[in-house]
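Notes follow the structure.
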Amino acid sequence: MNGSIAVVGLGCVLPGARDPSQFWRKQIDGWTAIRPLSDDTYEWRRYVDPDGSRADHAYTMLGATIGPYDFDWRRFRMPPADLATINPLQLLVLDAGTQALSAVRELPRDRTGLFIGSTGLGWQRDSGLRIRLHEMEAAAERSPAFA
């Protein structure tokens with residue numbers, strides 16, 4: 001068994017799908033989560049250059065977003081007041097990780113790993129910094145201290 005890999009669980013929170021079975025059903029039906037970005041997603045007009053000639057700009061106004069996500073704080077026994085202090089991406093990871101591990105009764109600690117794939121634009125504050133760069137530059141330029 002040296003070098004063997006076994007996938008024993010799968011979990012996800014994706015645009016249009018809150019678990020793997022929803023995801024596969026939608027794939028079979030030919031559904032796509034890609035939509036035109038709305039103004040409530042982020043200020044996309046500041047970051048999109050349709051002809052693609054400007055550096056650090058997107059060339060499309062399409063995207064797939066998770067949208068409203070209601071975290072089940074009761075299931076995880078978290079006080080609602082604490083949710084405001086937690087990065088929402090961490091709650092998504094907790095939800096997907098719990099889905100993945102729900103099929104397993106007992107895991108050998110010395111041979112177990114949890115691998116997480118994630119993109120955080122929009123919710124993860126650090127990753128979202130880049131798409132807010134123009135707003136920060138504009139605010140700095142308006143500041144008398146910056147001048």
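Lettering and numbering for the structure tokens are positional, with chains as A, B, ... in the shown order, residues counted from 1 in each chain, and ligands counted from 1 in the shown order.
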
Please report as a Markdown table every residue of region 50-80 of chain A lying within 10 Å of region 34-46 of chain A, along with the nearest atom pair and their distance in Å (one decimal), using only C-alpha atoms.
| residue | atom | partner | partner_atom | distance |
| --- | --- | --- | --- | --- |
| A:Pro50 | CA | A:Arg45 | CA | 9.9 |
| A:His57 | CA | A:Arg46 | CA | 8.4 |
| A:Ala58 | CA | A:Trp44 | CA | 8.8 |
| A:Thr60 | CA | A:Pro36 | CA | 8.8 |
| A:Met61 | CA | A:Pro36 | CA | 5.7 |
| A:Leu62 | CA | A:Pro36 | CA | 4.3 |
| A:Gly63 | CA | A:Ile34 | CA | 5.1 |
| A:Ala64 | CA | A:Ile34 | CA | 4.6 |
| A:Thr65 | CA | A:Thr41 | CA | 7.9 |
| A:Gly67 | CA | A:Thr41 | CA | 8.3 |

Among chain A, which ones does DSSP assign to strand (DSSP E) (computed from the backbone)? Answer as a VMD selection string.
chain A and resid 35 to 36 62 to 63

Among chain A, which ones does DSSP assign to helix (DSSP H, G or I) (computed from the backbone)? Answer as a PyMOL selection string.
chain A and resi 20-28+44-46+80-83+88-101+109-111+125-128+130-142

Next, dump the selected residues to file, keeping only C-alpha atoms, as a CSV table (one decimal), in the first residue's frame.
chain,number,residue,atom,x,y,z
A,20,PRO,CA,-21.3,17.3,-4.7
A,21,SER,CA,-24.6,15.7,-5.6
A,22,GLN,CA,-26.1,19.2,-6.5
A,23,PHE,CA,-22.9,19.9,-8.6
A,24,TRP,CA,-23.1,16.6,-10.5
A,25,ARG,CA,-26.9,16.9,-11.1
A,26,LYS,CA,-26.3,20.4,-12.6
A,27,GLN,CA,-23.4,19.2,-14.8
A,28,ILE,CA,-25.6,16.4,-16.2
A,44,TRP,CA,-16.5,45.4,-12.0
A,45,ARG,CA,-16.6,48.4,-14.3
A,46,ARG,CA,-13.4,49.7,-12.7
A,80,PRO,CA,-24.2,33.9,15.8
A,81,ALA,CA,-22.3,36.8,17.3
A,82,ASP,CA,-19.0,35.1,16.5
A,83,LEU,CA,-19.9,34.8,12.8
A,88,PRO,CA,-16.7,33.7,5.4
A,89,LEU,CA,-14.2,31.7,3.4
A,90,GLN,CA,-13.4,29.8,6.6
A,91,LEU,CA,-17.0,28.9,7.0
A,92,LEU,CA,-17.2,27.6,3.4
A,93,VAL,CA,-14.1,25.4,4.1
A,94,LEU,CA,-15.6,24.1,7.3
A,95,ASP,CA,-18.9,23.2,5.5
A,96,ALA,CA,-17.1,21.5,2.6
A,97,GLY,CA,-14.6,19.7,4.8
A,98,THR,CA,-17.4,18.4,7.0
A,99,GLN,CA,-19.2,17.1,3.9
A,100,ALA,CA,-16.0,15.3,2.8
A,101,LEU,CA,-15.4,13.7,6.2
A,109,ARG,CA,-4.1,10.0,12.1
A,110,ASP,CA,-0.7,9.1,10.7
A,111,ARG,CA,-2.1,8.4,7.2
A,125,ARG,CA,-10.0,39.9,2.4
A,126,ASP,CA,-6.3,39.3,1.4
A,127,SER,CA,-7.2,38.1,-2.1
A,128,GLY,CA,-9.8,40.8,-2.5
A,130,ARG,CA,-6.0,43.4,-5.5
A,131,ILE,CA,-9.4,44.0,-7.0
A,132,ARG,CA,-9.8,47.0,-4.6
A,133,LEU,CA,-6.4,48.5,-5.6
A,134,HIS,CA,-8.0,51.3,-7.8
A,135,GLU,CA,-10.3,52.3,-5.1
A,136,MET,CA,-7.4,52.6,-2.6
A,137,GLU,CA,-5.3,54.6,-5.1
A,138,ALA,CA,-8.2,57.0,-5.7
A,139,ALA,CA,-8.7,57.5,-1.9
A,140,ALA,CA,-5.0,58.1,-1.4
A,141,GLU,CA,-5.0,60.7,-4.2
A,142,ARG,CA,-7.9,62.6,-2.6

What separates CA of Asp19 (chain A) and CA of Asp70 (chain A) is a distance of 13.6 Å

For the atom pair CA of Cys12 (chain A) and CA of Ile116 (chain A), what is the interatomic distance in Å to one decimal place?
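Result for CA of Cys12 (chain A) versus CA of Ile116 (chain A): 9.6 Å, one decimal.
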
Near Ile66 (chain A), within 10 Å and counting only C-alpha atoms, which residues show up once chain neighbours fewer than 4 positions away are dropped, as a list in words?
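In the requested form, the answer reads Val13, Leu14, Pro15, Gly16, Ala17, Arg18, Ala33 and Gly122 of chain A.
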
Next, write the just-selected residues to a file, as an mmCIF file, in the first residue's frame, keeping N, CA and C atoms as the atom set.
data_model
loop_
_atom_site.group_PDB
_atom_site.id
_atom_site.type_symbol
_atom_site.label_atom_id
_atom_site.label_comp_id
_atom_site.auth_asym_id
_atom_site.auth_seq_id
_atom_site.Cartn_x
_atom_site.Cartn_y
_atom_site.Cartn_z
ATOM 1 N N VAL A 13 -18.667 23.646 -1.806
ATOM 2 C CA VAL A 13 -19.630 24.745 -1.826
ATOM 3 C C VAL A 13 -19.212 25.567 -3.040
ATOM 4 N N LEU A 14 -20.009 25.476 -4.086
ATOM 5 C CA LEU A 14 -19.673 26.087 -5.371
ATOM 6 C C LEU A 14 -20.811 26.988 -5.837
ATOM 7 N N PRO A 15 -20.546 27.838 -6.822
ATOM 8 C CA PRO A 15 -21.646 28.615 -7.386
ATOM 9 C C PRO A 15 -22.747 27.687 -7.895
ATOM 10 N N GLY A 16 -23.929 27.823 -7.350
ATOM 11 C CA GLY A 16 -25.067 27.020 -7.783
ATOM 12 C C GLY A 16 -25.148 25.629 -7.203
ATOM 13 N N ALA A 17 -24.189 25.230 -6.381
ATOM 14 C CA ALA A 17 -24.189 23.884 -5.803
ATOM 15 C C ALA A 17 -23.599 23.925 -4.398
ATOM 16 N N ARG A 18 -24.353 23.434 -3.453
ATOM 17 C CA ARG A 18 -23.898 23.453 -2.058
ATOM 18 C C ARG A 18 -23.296 22.128 -1.598
ATOM 19 N N ALA A 33 -22.910 28.039 -14.077
ATOM 20 C CA ALA A 33 -23.014 29.109 -13.087
ATOM 21 C C ALA A 33 -22.488 30.430 -13.622
ATOM 22 N N GLY A 122 -13.468 38.179 -3.457
ATOM 23 C CA GLY A 122 -14.785 38.644 -3.059
ATOM 24 C C GLY A 122 -14.986 38.506 -1.566
#

Using only C-alpha atoms, which residue out of A:Asp49, A:Pro79, A:Val8, A:Asp56 lies closest to Leu107 (chain A)?
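Under the stated criterion, the closest residue is A:Val8.
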
CA of Gly113 (chain A) to CA of Arg77 (chain A), straight-line distance in Å
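Distance reported for this atom pair: 24.3 Å.
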
Restricting the calculation to only C-alpha atoms: of A:Ser102, A:Thr85, A:Pro108, A:Pro144, which residue gets closest to Leu10 (chain A)?
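For Leu10 (chain A), the nearest of the candidates is A:Ser102.
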
Go through A:Asn87, A:Thr112, A:Thr32, A:Ser53 one by one, measure the shortest atom-to-atom distance of each to Gly9 (chain A) using only C-alpha atoms, and give the residue with the smallest value.
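Closest candidate: A:Thr112.
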